[in-house]
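Chemist: Please find work.txt (compact mmCIF, C-alpha atoms) on the next line:
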# COMPACT_ATOMS: atom_id res chain seq x y z
CA MET A 30 20.66 -19.60 -3.30
CA THR A 31 23.46 -17.76 -5.01
CA ASP A 32 21.47 -16.42 -7.93
CA ARG A 33 22.11 -12.76 -8.51
CA ILE A 34 19.06 -10.49 -8.56
CA PRO A 35 19.20 -7.73 -11.17
CA MET A 36 17.80 -4.38 -10.08
CA THR A 37 18.21 -0.70 -10.71
CA ARG A 38 19.50 1.71 -8.10
CA ALA A 39 15.88 2.87 -7.55
CA GLY A 40 14.72 -0.71 -6.91
CA TYR A 41 17.63 -1.32 -4.54
CA ASP A 42 16.89 1.89 -2.65
CA LYS A 43 13.20 1.00 -2.34
CA ILE A 44 13.99 -2.42 -0.85
CA LYS A 45 16.64 -0.89 1.44
CA ALA A 46 14.13 1.70 2.71
CA GLU A 47 11.59 -1.04 3.46
CA LEU A 48 14.26 -3.06 5.28
CA ASP A 49 15.33 -0.06 7.35
CA TYR A 50 11.73 0.74 8.28
CA LEU A 51 10.94 -2.82 9.35
CA ASP A 52 14.22 -3.20 11.25
CA GLN A 53 14.30 0.21 12.94
CA VAL A 54 10.61 1.04 13.42
CA GLU A 55 8.38 -2.03 13.32
CA LEU A 56 10.65 -4.56 15.05
CA PRO A 57 11.29 -2.35 18.11
CA LYS A 58 7.50 -1.85 18.46
CA VAL A 59 6.94 -5.61 18.44
CA LEU A 60 9.77 -6.20 20.92
CA GLU A 61 8.21 -3.63 23.22
CA ARG A 62 4.83 -5.43 23.00
CA ILE A 63 6.57 -8.70 23.88
CA ALA A 64 8.25 -7.10 26.91
CA LYS A 65 4.93 -5.65 28.13
CA ALA A 66 3.13 -8.98 27.66
CA ARG A 67 5.95 -10.84 29.42
CA ALA A 68 5.64 -8.49 32.39
CA GLU A 69 2.02 -9.56 32.85
CA GLY A 70 3.08 -12.95 34.18
CA ASP A 71 1.94 -16.42 33.07
CA LEU A 72 3.03 -16.68 29.42
CA SER A 73 1.31 -19.99 28.69
CA GLU A 74 -2.13 -18.36 28.69
CA ASN A 75 -1.10 -14.90 27.52
CA ALA A 76 -2.61 -14.43 24.05
CA GLU A 77 -0.97 -11.03 23.57
CA PHE A 78 2.46 -12.56 24.23
CA GLN A 79 1.83 -15.40 21.77
CA TYR A 80 0.54 -13.00 19.12
CA ALA A 81 3.51 -10.66 19.57
CA GLN A 82 5.93 -13.61 19.32
CA ASP A 83 4.27 -14.77 16.09
CA THR A 84 4.44 -11.23 14.70
CA ARG A 85 8.14 -11.01 15.66
CA ARG A 86 8.91 -14.28 13.85
CA LEU A 87 7.10 -13.13 10.68
CA LEU A 88 8.78 -9.73 10.80
CA GLU A 89 12.24 -11.25 11.27
CA ALA A 90 11.61 -13.63 8.35
CA LYS A 91 10.65 -10.67 6.14
CA ILE A 92 13.73 -8.72 7.29
CA ASN A 93 15.99 -11.69 6.53
CA ALA A 94 14.42 -12.15 3.09
CA LEU A 95 15.01 -8.47 2.25
CA LYS A 96 18.62 -8.66 3.51
CA ASP A 97 19.17 -11.74 1.34
CA LYS A 98 17.69 -9.99 -1.70
CA LEU A 99 19.98 -6.98 -1.19
CA ALA A 100 23.01 -9.21 -0.63
CA ARG A 101 22.37 -10.94 -3.96
CA ALA A 102 21.58 -7.72 -5.84
CA ILE A 103 23.45 -6.78 -8.96
CA LEU A 104 22.87 -3.20 -10.01
CA VAL A 105 22.06 -2.77 -13.69
CA ASP A 106 21.91 0.48 -15.61
CA PRO A 107 19.13 0.06 -18.20
CA ASN A 108 20.70 2.85 -20.28
CA ARG A 109 23.68 0.60 -20.98
CA MET A 110 21.56 -2.27 -22.31
CA PRO A 111 21.04 -2.94 -26.07
CA LYS A 112 18.19 -0.85 -27.47
CA ASP A 113 17.22 -3.14 -30.35
CA GLU A 114 16.37 -6.30 -28.40
CA VAL A 115 14.23 -7.18 -25.42
CA GLY A 116 16.21 -6.92 -22.21
CA PHE A 117 16.33 -5.41 -18.76
CA GLY A 118 14.65 -2.02 -18.55
CA VAL A 119 12.94 -2.01 -21.94
CA THR A 120 9.25 -1.82 -22.71
CA VAL A 121 8.13 -4.42 -25.22
CA VAL A 122 4.85 -4.36 -27.14
CA VAL A 123 3.68 -7.83 -28.15
CA LYS A 124 0.75 -9.35 -29.95
CA ASP A 125 -0.73 -12.42 -28.31
CA LEU A 126 -0.97 -14.78 -31.28
CA ASP A 127 -3.73 -16.86 -29.70
CA LEU A 128 -5.99 -14.05 -28.48
CA GLY A 129 -5.05 -11.37 -31.02
CA GLU A 130 -4.60 -8.84 -28.22
CA VAL A 131 -1.75 -6.34 -28.01
CA GLU A 132 -0.01 -6.16 -24.63
CA GLU A 133 2.81 -4.08 -23.24
CA PHE A 134 5.38 -5.16 -20.65
CA THR A 135 8.29 -3.36 -19.05
CA LEU A 136 11.04 -5.65 -17.76
CA VAL A 137 12.16 -4.41 -14.35
CA GLY A 138 14.27 -5.56 -11.45
CA ALA A 139 13.31 -6.50 -7.91
CA GLY A 140 11.54 -3.75 -6.00
CA GLU A 141 10.04 -2.17 -9.10
CA GLU A 142 7.53 -4.80 -10.18
CA ASP A 143 3.94 -3.63 -10.60
CA TYR A 144 1.90 -6.24 -12.43
CA GLU A 145 -1.15 -3.98 -12.73
CA ALA A 146 1.00 -1.47 -14.64
CA GLY A 147 2.64 -4.13 -16.81
CA LYS A 148 5.99 -3.94 -14.99
CA ILE A 149 7.19 -7.54 -14.73
CA LEU A 150 10.29 -8.97 -13.12
CA CYS A 151 13.04 -9.61 -15.65
CA THR A 152 13.56 -12.98 -13.93
CA SER A 153 9.96 -14.12 -14.46
CA PRO A 154 9.25 -16.93 -16.96
CA LEU A 155 7.40 -14.48 -19.22
CA ALA A 156 10.28 -12.01 -19.29
CA GLN A 157 12.87 -14.76 -19.72
CA GLY A 158 10.98 -15.98 -22.79
CA LEU A 159 11.06 -12.49 -24.32
CA ILE A 160 14.67 -11.54 -23.53
CA GLY A 161 16.91 -11.42 -26.57
CA LYS A 162 14.05 -11.18 -29.07
CA ARG A 163 13.88 -8.41 -31.68
CA VAL A 164 11.01 -6.72 -33.51
CA GLY A 165 9.30 -9.29 -35.74
CA ASP A 166 10.51 -12.30 -33.72
CA ARG A 167 8.06 -14.74 -32.22
CA ALA A 168 8.29 -16.20 -28.75
CA GLU A 169 6.72 -19.34 -27.35
CA ILE A 170 6.83 -19.31 -23.58
CA LYS A 171 5.87 -22.20 -21.34
CA VAL A 172 4.09 -20.97 -18.23
CA PRO A 173 2.15 -22.88 -15.56
CA GLN A 174 -1.14 -22.12 -17.39
CA GLY A 175 0.16 -23.53 -20.69
CA MET A 176 1.93 -21.99 -23.66
CA LEU A 177 1.97 -18.28 -24.51
CA ARG A 178 2.75 -17.24 -28.08
CA PHE A 179 3.75 -13.67 -28.88
CA GLU A 180 5.04 -11.64 -31.79
CA ILE A 181 7.31 -8.72 -30.89
CA LEU A 182 5.81 -5.53 -32.37
CA GLU A 183 7.88 -2.79 -30.74
CA ILE A 184 10.78 -2.29 -28.33
CA ARG A 185 11.17 0.98 -26.46
CA ALA A 186 14.28 1.70 -24.41
CA GLN A 187 13.95 3.49 -21.09
CA GLN A 188 14.29 7.26 -21.40
Take the structure in the file and write it out as structure tokens.
Modeler:
Amino acid sequence: MTDRIPMTRAGYDKIKAELDYLDQVELPKVLERIAKARAEGDLSENAEFQYAQDTRRLLEAKINALKDKLARAILVDPNRMPKDEVGFGVTVVVKDLDLGEVEEFTLVGAGEEDYEAGKILCTSPLAQGLIGKRVGDRAEIKVPQGMLRFEILEIRAQQ
């Protein structure tokens, strides 16, 4: 995987903080639990040891995934992006042409996604289908659930 992951400095810092916490706080706690469980003797029937080992493996996988994400990060300044077309960092208001509903999405980078608040990853299929569109354009986006059809009503650049 060599794909670059666009993100803002804030998104990068959020992921870095999570990585540091897991690596410097949580992992040492788990390693200490493993050491204590190992000291109790027979490891083949030691449930605490097995549980701690499983937790360590999951934690190390999460740490490695975060390190990979940061290694592939490309920092983007949303203020330097075009203001008249859908792109990284903008908020786009769309009308769902099938349901007649108006929806609002903000295209963000890794670490800043919040689907409840309408903040979607700029690398998601939905965002990719909207990128480059201008007010008045229509977008047909193939997603796993079928086809989404939108009309772009408004584009707001990040303040």
Chemist: Which of these, A:Ile184, A:Pro111, A:Phe134, A:Leu177, has the shortest distance to A:Gly165 once you count only C-alpha atoms?
Modeler: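 The closest residue to A:Gly165 is A:Ile184.
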Chemist: Which residue is closest to A:Arg86? Choose from A:Ile160, A:Ile63, A:Ala39, A:Ala100 and count all atoms listed in the file.
Modeler: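 For A:Arg86, the nearest of the candidates is A:Ile63.
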Chemist: Can you build me a table of stretch 73-128 of chain A residues sitting at most 9 Å from stretch 49-55 of chain A, with the closest atom pair per residue and its distance in Å to one decimal, using all atoms listed in the file, sorted by chain and residue number, as JSON lines?
Modeler:
{"residue": "A:Leu88", "atom": "CA", "partner": "A:Leu51", "partner_atom": "CA", "distance": 7.4}
{"residue": "A:Glu89", "atom": "CA", "partner": "A:Asp52", "partner_atom": "CA", "distance": 8.3}
{"residue": "A:Lys91", "atom": "CA", "partner": "A:Leu51", "partner_atom": "CA", "distance": 8.5}
{"residue": "A:Ile92", "atom": "CA", "partner": "A:Asp52", "partner_atom": "CA", "distance": 6.8}
Chemist: Can you tell me how far atom CA of A:Gln174 sits from atom CA of A:Asp113, in Å to one decimal?
Modeler: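 Answer for the atom CA of A:Gln174 to atom CA of A:Asp113 separation: 29.4 Å.
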Chemist: Between A:Val137, A:Ile170, A:Arg33, A:Ala68, single out the one closest to A:Asp125, counting only C-alpha atoms.
Modeler: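 Residue with the minimum atom-to-atom distance to A:Asp125: A:Ile170.
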Chemist: If you count all atoms listed in the file, which residues fall within 12 Å of A:Glu169, apart from same-chain ones fewer than 2 positions away, as a list in words?
Modeler: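 The contact residues come out as Val123, Lys124, Asp125, Leu126, Asp127, Pro154, Leu155, Ala156, Gln157, Gly158, Leu159, Ile160, Lys162, Asp166, Arg167, Lys171, Val172, Gly175, Met176, Leu177, Arg178, Phe179, Glu180 and Ile181 of chain A.
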Chemist: Restrict the selected residues to C-alpha atoms and save them as a compact mmCIF listing (two decimals), keeping the file's coordinate frame.
Modeler:
# COMPACT_ATOMS: atom_id res chain seq x y z
CA VAL A 123 3.68 -7.83 -28.15
CA LYS A 124 0.75 -9.35 -29.95
CA ASP A 125 -0.73 -12.42 -28.31
CA LEU A 126 -0.97 -14.78 -31.28
CA ASP A 127 -3.73 -16.86 -29.70
CA PRO A 154 9.25 -16.93 -16.96
CA LEU A 155 7.40 -14.48 -19.22
CA ALA A 156 10.28 -12.01 -19.29
CA GLN A 157 12.87 -14.76 -19.72
CA GLY A 158 10.98 -15.98 -22.79
CA LEU A 159 11.06 -12.49 -24.32
CA ILE A 160 14.67 -11.54 -23.53
CA LYS A 162 14.05 -11.18 -29.07
CA ASP A 166 10.51 -12.30 -33.72
CA ARG A 167 8.06 -14.74 -32.22
CA LYS A 171 5.87 -22.20 -21.34
CA VAL A 172 4.09 -20.97 -18.23
CA GLY A 175 0.16 -23.53 -20.69
CA MET A 176 1.93 -21.99 -23.66
CA LEU A 177 1.97 -18.28 -24.51
CA ARG A 178 2.75 -17.24 -28.08
CA PHE A 179 3.75 -13.67 -28.88
CA GLU A 180 5.04 -11.64 -31.79
CA ILE A 181 7.31 -8.72 -30.89
Chemist: For a quick check of understanding, using all atoms listed in the file, which of A:Glu77, A:Glu141, A:Glu114, A:Asp83 has the smallest distance to A:Met36?
Modeler: A:Glu141
Chemist: Interatomic distance between atom CA of A:Gly116 and atom CA of A:Glu145?
Modeler: 20.0 Å
Chemist: Could you check the closest approach to A:Lys148 for each of A:Thr120, A:Asn75, A:Asn93, A:Gln82 and tell me which residue wins, using all atoms listed in the file?
Modeler: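 Selected residue with least distance to A:Lys148: A:Thr120.
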Chemist: Which of these, A:Ala81, A:Leu87, A:Val164, A:Val59, has the shortest distance to A:Lys112 once you count all atoms listed in the file?
Modeler: A:Val164
Chemist: Got a sec: who's within 9 Å of A:Gly138, counting all atoms listed in the file, leaving out chain neighbours fewer than 2 positions off, as a ChimeraX atom specification?
Modeler: /A:34-37,40-41,105,117-118,136,140-142,149-152
Chemist: For the atom pair atom CA of A:Val131 and atom CA of A:Leu182, what is the interatomic distance in Å to one decimal place?
Modeler: 8.8 Å
Chemist: Start from the incomplete input, build N, CA and C atoms for stretch 149-178 of chain A, and deliver everything as a compact mmCIF listing (two decimals), keeping the file's coordinate frame.
Modeler:
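So the final result, stored in out.txt, reads:
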# COMPACT_ATOMS: atom_id res chain seq x y z
N ILE A 149 6.96 -6.16 -15.16
CA ILE A 149 7.19 -7.54 -14.73
C ILE A 149 8.66 -7.76 -14.41
N LEU A 150 8.91 -8.65 -13.49
CA LEU A 150 10.29 -8.97 -13.12
C LEU A 150 11.03 -9.57 -14.30
N CYS A 151 12.25 -9.10 -14.53
CA CYS A 151 13.04 -9.61 -15.65
C CYS A 151 13.42 -11.08 -15.44
N THR A 152 13.25 -11.58 -14.22
CA THR A 152 13.56 -12.98 -13.93
C THR A 152 12.33 -13.88 -14.04
N SER A 153 11.17 -13.32 -14.35
CA SER A 153 9.96 -14.12 -14.46
C SER A 153 10.00 -14.98 -15.72
N PRO A 154 9.26 -16.09 -15.75
CA PRO A 154 9.25 -16.93 -16.96
C PRO A 154 8.83 -16.16 -18.21
N LEU A 155 7.85 -15.27 -18.07
CA LEU A 155 7.40 -14.48 -19.22
C LEU A 155 8.54 -13.61 -19.75
N ALA A 156 9.18 -12.88 -18.87
CA ALA A 156 10.28 -12.01 -19.29
C ALA A 156 11.44 -12.82 -19.87
N GLN A 157 11.76 -13.93 -19.23
CA GLN A 157 12.87 -14.76 -19.72
C GLN A 157 12.60 -15.27 -21.14
N GLY A 158 11.34 -15.53 -21.44
CA GLY A 158 10.98 -15.98 -22.79
C GLY A 158 11.06 -14.89 -23.84
N LEU A 159 11.01 -13.62 -23.39
CA LEU A 159 11.06 -12.49 -24.32
C LEU A 159 12.47 -11.93 -24.49
N ILE A 160 13.32 -12.12 -23.50
CA ILE A 160 14.67 -11.54 -23.53
C ILE A 160 15.45 -12.05 -24.75
N GLY A 161 16.09 -11.10 -25.41
CA GLY A 161 16.91 -11.42 -26.57
C GLY A 161 16.16 -11.35 -27.89
N LYS A 162 14.85 -11.25 -27.84
CA LYS A 162 14.05 -11.18 -29.07
C LYS A 162 14.11 -9.77 -29.64
N ARG A 163 13.88 -9.69 -30.97
CA ARG A 163 13.88 -8.41 -31.68
C ARG A 163 12.52 -8.21 -32.35
N VAL A 164 12.26 -7.02 -32.83
CA VAL A 164 11.01 -6.72 -33.51
C VAL A 164 10.82 -7.72 -34.66
N GLY A 165 9.63 -8.31 -34.72
CA GLY A 165 9.30 -9.29 -35.74
C GLY A 165 9.50 -10.74 -35.29
N ASP A 166 10.29 -10.93 -34.24
CA ASP A 166 10.51 -12.30 -33.72
C ASP A 166 9.24 -12.80 -33.04
N ARG A 167 9.16 -14.10 -32.96
CA ARG A 167 8.06 -14.74 -32.22
C ARG A 167 8.65 -15.47 -31.03
N ALA A 168 7.85 -15.52 -29.97
CA ALA A 168 8.29 -16.20 -28.75
C ALA A 168 7.21 -17.16 -28.30
N GLU A 169 7.61 -18.37 -27.97
CA GLU A 169 6.72 -19.34 -27.35
C GLU A 169 7.24 -19.58 -25.95
N ILE A 170 6.39 -19.29 -24.97
CA ILE A 170 6.83 -19.31 -23.58
C ILE A 170 5.96 -20.26 -22.78
N LYS A 171 6.59 -21.24 -22.18
CA LYS A 171 5.87 -22.20 -21.34
C LYS A 171 5.69 -21.59 -19.96
N VAL A 172 4.45 -21.48 -19.55
CA VAL A 172 4.09 -20.97 -18.23
C VAL A 172 3.19 -22.00 -17.56
N PRO A 173 2.99 -21.89 -16.25
CA PRO A 173 2.15 -22.88 -15.56
C PRO A 173 0.76 -23.08 -16.19
N GLN A 174 0.20 -22.03 -16.80
CA GLN A 174 -1.14 -22.12 -17.39
C GLN A 174 -1.11 -22.71 -18.80
N GLY A 175 0.07 -22.97 -19.33
CA GLY A 175 0.16 -23.53 -20.69
C GLY A 175 1.24 -22.84 -21.50
N MET A 176 0.96 -22.59 -22.75
CA MET A 176 1.93 -21.99 -23.66
C MET A 176 1.43 -20.62 -24.11
N LEU A 177 2.28 -19.61 -24.00
CA LEU A 177 1.97 -18.28 -24.51
C LEU A 177 2.75 -18.08 -25.80
N ARG A 178 2.09 -17.50 -26.80
CA ARG A 178 2.75 -17.24 -28.08
C ARG A 178 2.59 -15.77 -28.42
